[in-house]
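Working notes, beginning with the structure itself.
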Amino acid sequence: MHQEGLDHFYDIKGGVALPPVTPQALRERDYEWLALLGAEAERASEADVVELRLAVQGLSCVACVWLVERLFARHEGALRVNVDVVHGEVRLAWQRGRFDVLAVARDLQSFGYLLGLPCQGGDKKEYSGLARRMGVCGAFAVNAMGFSMPAYFGMPRDFAFARWFDLVAAFSATLAMVVGGSYFIERSWRGLRAGVLHIDTPIALGVTAAYAGSMGGWIAGVEGLKYFDFVAIFIFLMLTGRWAQQTAVERNRRRLMRDTSIPEMVGVPDDEGLAAARPVAELKAGMKFIVKPAQTVPVAAKLTGGNAMVSLEWINGESEAQEREAGQLLPSGALNIGTQALTVEAVETWGDSTLRRLLDARRETEFRDVRLEKLLRVYLVVVVVVGLVGAAWWWMRGSGIAQALQVMISIFVVSCPCALGVAVPLAEEMAASRAEKLGVFVRTLGLWKRLMRVRRVVFDKTGTLTLENPVLENPEVLKALDVRARAALHHLVTGNLHPVSRSLYDAVASEGDARVFDGCVVNETVGLGLAFSDADGCAWHLGRPEAGSAGDAVLARDGAVLAAFRFRDELRAESVQEARHLRELGIEVCVLSGDRAYKVAQIARKLEVPDGCWKAELTPEAKAEWLRVRNQDDTLYVGDGANDSLAFDAALCAGSPVTGRSFLEQKADFFFLGHSLRFVSGLRLVARLHRRATRRVFAFSASYNLITAVAGLMGHLSPLAAAILMPLSSLCTLSLVAFTFGRSSSTPALSPAGDFRADAEKFEMTSAG
């Protein structure tokens with residue numbers, strides 16, 4: 001920042017500390033997809049100005065917006081950039097033929113901002129539509145309330161504008177019903193058709209009854225039936241609560257972008273050796289295609305020439321890189337971690353591939369709470385019966401149909417879960433904020449209810465229990481290297497996905513300046529390592545040591561060894577303590593892996609996992625079957641590879657670490673950052689606090705509904721009283737949630753060391769009540 005004159009970034013931040021950019025974000029990325037999008041945008045544009053919409057990862061505040069704008073503006077041909085922090089997107093505009101979109105992407109990446117494919121799908125559309133509904137219904141609510149208040153304060157019915165006031169209030173309530181009420185009515189109707197009851201059903205009942213009664217009372221001239229202001233305000237508050245509930249989830253979903261390592265198109269060479277892009281869906285047995293570096297093999301294929309270095313970690317959990325020779329098979333889902341493109345021949349179609357099946361597997365995003373459905377069913381029956389009985393009793397007493405209808409509608413109105421509709425989303429947001437302190441980001445609603453039912457936690461091994469990369473045992477050898485040697489090492493490992501290269505890159509990403517060797521091409525000899533020659537004629541090499549030499553990899557210059565590196569697989573921080581603490585809580589800990597048995601056994605012994613609770617060399621289908629046999633809607637599964645996809649579907653809830661190379665982050669109920677596993681029991685504590693807050697809200701709402709229902713049966717609940725009580729009850733429940741979470745302000749957070757059990761016990765004591 002300082003070197004490039006961008007210190008003002010910290011002035012905008014206001015002194016708030018920021019974590020450093022992770023080495024993972026700085027790793028070389030394949031931007032071919034961006035080059036294709038940019039070229040397509042230039043061809044599609046009829047003017048000299050070209051526009052392109054992209055997703056962006058790494059935005060956190062207005063200072064990030066300022067920085068992105070400055071970085072974009074310093075490139076030739078740049079015209080304007082619009083940064084949408086809410087949706088995690090940027091819209092670029094540049095002069096045709098004078099702009100390098102790849103240079104901008106790499107410049108942004110050097111500061112920790114990653115560009116990705118634009119967001120697609122219905123989730124974003126529904127979220128944006130909900131925000132628009134909320135804003136429009138807010139205006140309708142202000143109108144309805146403003147034009148209803150004069151009648152409450154004694155405006156005579158013969159006032160010249162009284163009928164116009166009623167007309168405006170009725171019109172505003174009608175528009176609120178069309179724009180906002182339809183959202184709840186449609187969802188309620190879909191649920192009823194599917195045999196499911198949820199919170200939208202009593203909302204739809206109350207708002208429909210209030211609107212119908214208001215229109216009837218307005219037409220018949222019965223003042224006691226006009227709830228126009230209630231209808232509009234209630235719809236606005238319910239939309240606000242629903243929007244708040246979705247906001248935290250959408251914000252966390254936008255933190256991750258679509259994985260570009262899984263190709264949608266592959267190059268298919270013709271007779272002249274030129275590669276034409278073809279969709280992977282068109283791949284058939286016998287067809288040759290090209291797999292580029294850092295790309296996944298979409299279908300099982302035979303290597304037609306040369307040697308290859310691939311990773312099968314994503315498929316079978318084996319952490320070591322695998323060498324393949326010409327004629328050998330590459331399984332669907334293998335990752336090309338070499339520096340050269342591979343030419344392969346498909347042996348199956350895309351429709352038959354394992355990768356397609358794993359990608360198509362989808363989890364249920366909404367949790368069906370059977371107990372809540374039963375409670376809602378009883379609640380609705382009681383409300384309807386009480387309303388009808390109350391109306392019949394007043395009508396039989398000779399009070400007239402108007403009074404009977406007012407009693408029935410008032411009961412339906414006060415039975416609307418207005419307090420729950422606002423307070424429960426606040427509890428979701430506060431619980432999500434607590435989870436973020438643990439490094440966990442929630443992606444699906446209903447996670448907290450699921451977590452309270454968890455009695456078994458199943459971990460994948462490679463990349464989940466163990467770190468994504470092997471740990472460098474002797475980092476002191478890096479410090480012993482001179483600046484040029486560190487820069488050469490940085491240049492060698494940049495863009496290479498071999499586990500050893502990834503580990504070394506993370507170690508030197510902030511030290512060696514690879515630009516010293518710009519223009520020097522790194523060549524890879526499969527099984528031997530990486531090499532290049534610099535401008536001075538020096539030959540640099542990173543590869544296996546000679547027989548009898550120390551270390552797992554060595555860096556050499558002109559044949560002379562400069563450093564020998566040793567690596568080991570390492571458990572994530574505090575894994576042993578976390579496994580022990582989970583068992584103390586009565587939660588069974590299990591390990592499932594596709595890796596070899598002796599490796600899984602070593603991990604199981606360290607975690608003190610009994611023999612019957614770990615399995616090795618499992619296929620994706622075997623993992624899912626193991627869960628289906630044992631899962632009684634009480635299993636949390638934590639994994640990171642494509643071989644965990646089917647297990648995700650069989651578990652009650654699922655989480656994934658952020659590796660940048662897995663689509664499971666987009667499928668999980670939550671994802672987590674950092675290198676520690678201590679968040680698992682911490683999440684359960686947050687879930688317990690969320691349950692305590694929601695139970696208190698339910699208790700208050702039940703008491704409030706009972707009191708107001710009695711008042712309605714006695715004929716004392718007028719439209720004015722309903723309009724006043726509704727926001728007051730919502731305010732009370734919001735305060736109740738804030739009080740519950742405020743009593744427990746010591747949620748355990750991630751730290752490099754410390755007794756998490758003591759933190760957890762402290763958290764339990766401060767959240768008691």
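For the structure tokens, the naming scheme is as follows: chains receive sequential letters (A, B, ...) according to their order of presentation, residues are indexed from 1 within each chain, and ligands are indexed from 1 in presentation order.
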**Study point:** Per-residue DSSP, segment 139-358 of chain A, filtered to strand (DSSP E or B), as a count of residues only
**Key:** 35
Exercise for review: Write out as a ChimeraX atom specification each polymer residue whose atoms come within 7 Å of Ile587 of chain A, counting only C-alpha atoms; drop sequence neighbours fewer than 4 positions from it.
Suggested key: /A:455-457,582-583
Mind dumping the selected residues with N, CA and C atoms as a PDB file, in the first residue's frame?
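So result.pdb came out as:
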ATOM      1  N   ARG A 455     -25.585 -35.564  17.346  1.00  0.00           N
ATOM      2  CA  ARG A 455     -25.026 -36.482  18.347  1.00  0.00           C
ATOM      3  C   ARG A 455     -23.802 -37.216  17.808  1.00  0.00           C
ATOM      4  N   ARG A 456     -23.443 -36.905  16.556  1.00  0.00           N
ATOM      5  CA  ARG A 456     -22.285 -37.550  15.943  1.00  0.00           C
ATOM      6  C   ARG A 456     -21.641 -36.549  14.964  1.00  0.00           C
ATOM      7  N   VAL A 457     -20.313 -36.414  15.046  1.00  0.00           N
ATOM      8  CA  VAL A 457     -19.561 -35.576  14.111  1.00  0.00           C
ATOM      9  C   VAL A 457     -18.613 -36.473  13.333  1.00  0.00           C
ATOM     10  N   LEU A 582     -15.577 -32.934  22.418  1.00  0.00           N
ATOM     11  CA  LEU A 582     -16.836 -33.381  21.832  1.00  0.00           C
ATOM     12  C   LEU A 582     -17.320 -34.661  22.499  1.00  0.00           C
ATOM     13  N   ARG A 583     -16.402 -35.585  22.762  1.00  0.00           N
ATOM     14  CA  ARG A 583     -16.794 -36.829  23.450  1.00  0.00           C
ATOM     15  C   ARG A 583     -17.291 -36.542  24.862  1.00  0.00           C
TER      16      ARG A 583
END
Point to revise | Contact residues around segment 530-533 of chain A with only C-alpha atoms at 7 Å, ignoring same-chain residues under 3 positions, as a VMD selection string | key: chain A and resid 492 520 to 525 537 to 543
Skipping near chain neighbours, those fewer than 3 positions away, what residues fall within 10 Å of Val516 of chain A using only C-alpha atoms, listed as a short mmCIF file (atom, residue, chain, number, x, y, z; two decimals) with N, CA and C atoms, in the first residue's frame?
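As written to disk, around38.cif reads:
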data_model
loop_
_atom_site.label_atom_id
_atom_site.label_comp_id
_atom_site.auth_asym_id
_atom_site.auth_seq_id
_atom_site.Cartn_x
_atom_site.Cartn_y
_atom_site.Cartn_z
N ARG A 484 18.17 -13.54 -3.70
CA ARG A 484 18.00 -14.07 -5.05
C ARG A 484 17.53 -15.52 -5.04
N ALA A 487 13.89 -15.56 -4.25
CA ALA A 487 13.12 -15.14 -5.43
C ALA A 487 13.04 -16.26 -6.46
N ALA A 488 14.14 -17.00 -6.63
CA ALA A 488 14.13 -18.13 -7.57
C ALA A 488 13.16 -19.21 -7.11
N HIS A 490 10.53 -18.76 -5.22
CA HIS A 490 9.20 -18.20 -5.45
C HIS A 490 8.78 -18.38 -6.90
N HIS A 491 9.69 -18.10 -7.83
CA HIS A 491 9.39 -18.24 -9.25
C HIS A 491 9.12 -19.69 -9.62
N GLY A 512 10.08 -13.75 -1.23
CA GLY A 512 10.79 -13.70 -2.51
C GLY A 512 10.00 -12.94 -3.56
N ASP A 513 10.67 -12.09 -4.34
CA ASP A 513 10.03 -11.32 -5.39
C ASP A 513 10.24 -12.05 -6.71
N GLY A 519 9.97 -13.61 -17.38
CA GLY A 519 10.43 -14.05 -18.70
C GLY A 519 11.15 -15.37 -18.68
N CYS A 520 11.54 -15.83 -17.51
CA CYS A 520 12.21 -17.14 -17.39
C CYS A 520 11.15 -18.23 -17.29
N ASP A 534 18.17 -18.61 -15.55
CA ASP A 534 17.98 -17.16 -15.51
C ASP A 534 18.84 -16.48 -16.57
#
Quick one: residues within 7 Å of segment 680-687 of chain A, only C-alpha atoms, excluding same-chain residues fewer than 5 positions away - as a PDB file with C-alpha atoms, in the first residue's frame?
ATOM      1  CA  ALA A 431     -25.922 -16.088  16.089  1.00  0.00           C
ATOM      2  CA  ARG A 434     -21.049 -15.016  16.939  1.00  0.00           C
ATOM      3  CA  ALA A 435     -20.148 -17.797  14.509  1.00  0.00           C
ATOM      4  CA  TRP A 448     -28.938 -23.782  14.411  1.00  0.00           C
ATOM      5  CA  LEU A 451     -26.902 -28.397  15.241  1.00  0.00           C
ATOM      6  CA  MET A 452     -28.932 -28.914  18.404  1.00  0.00           C
ATOM      7  CA  LEU A 582     -16.836 -33.381  21.832  1.00  0.00           C
ATOM      8  CA  PRO A 748     -14.910 -18.378  22.480  1.00  0.00           C
TER       9      PRO A 748
END
Review point. Can you list, as a PyMOL selection string, every protein, DNA or RNA residue that comes within 12 Å of Leu312 of chain A when you count only C-alpha atoms, leaving out same-chain residues fewer than 6 positions away?
Key: chain A and resi 296-297+318-324+330-337+462+498-499+594-595+641-643
Can I get the selection written as a short mmCIF file (atom, residue, chain, number, x, y, z; two decimals), in the first residue's frame, with C-alpha atoms?
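Once written, selection17.cif looks like this:
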data_model
loop_
_atom_site.label_atom_id
_atom_site.label_comp_id
_atom_site.auth_asym_id
_atom_site.auth_seq_id
_atom_site.Cartn_x
_atom_site.Cartn_y
_atom_site.Cartn_z
CA THR A 296 -9.90 -31.01 -13.40
CA VAL A 297 -10.26 -33.99 -15.72
CA GLU A 318 -4.91 -39.49 -1.06
CA SER A 319 -2.72 -36.50 -0.28
CA GLU A 320 0.39 -37.40 -2.30
CA ALA A 321 0.76 -36.30 -5.90
CA GLN A 322 0.49 -39.14 -8.41
CA GLU A 323 2.60 -39.72 -11.53
CA ARG A 324 0.92 -41.04 -14.67
CA LEU A 330 -6.83 -40.56 -15.31
CA PRO A 331 -10.01 -40.86 -13.22
CA SER A 332 -12.82 -38.36 -13.49
CA GLY A 333 -12.06 -35.56 -11.02
CA ALA A 334 -8.24 -35.86 -11.13
CA LEU A 335 -6.55 -32.44 -10.96
CA ASN A 336 -3.71 -31.57 -13.33
CA ILE A 337 -1.13 -30.10 -10.94
CA THR A 462 -7.23 -35.18 4.06
CA HIS A 498 1.91 -29.92 -6.28
CA PRO A 499 1.45 -30.16 -2.48
CA GLY A 594 -10.52 -42.55 0.98
CA ASP A 595 -6.84 -42.50 1.95
CA GLY A 641 -13.34 -33.09 -1.41
CA ALA A 642 -15.62 -34.19 -4.23
CA ASN A 643 -15.57 -37.65 -2.64
#
Check your understanding: So how far away is atom CA of Glu468 of chain A from atom CA of Ala579 of chain A, in Å?
Key -> 19.2 Å
Exercise for review: Considering only C-alpha atoms, return as a list of chain:residue names whatever protein or nucleic-acid residues lie within 9 Å of Gly216 of chain A, sequence-local ones (same chain, fewer than 6 positions apart) excluded.
Suggested key: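 In the requested form, the answer reads A:Val222, A:Leu225, A:Lys226.
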Check your understanding: Which of these, A:Val196, A:His8, A:Phe567, A:Leu37, has the shortest distance to Arg377 of chain A once you count only C-alpha atoms?
Key ->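 Result for the nearest residue to Arg377 of chain A: A:Val196.
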Exercise for review: Return the single residue from A:Gly306, A:Gly191, A:Gly390, A:Gly241 that is closest to Met714 of chain A, with distances computed using only C-alpha atoms.
Suggested key: A:Gly390
Review point. Could you state the separation of atom CA of Ala616 of chain A and atom CA of Lys461 of chain A in Å, given to one decimal place?
Key: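 These two atoms are separated by 9.4 Å.
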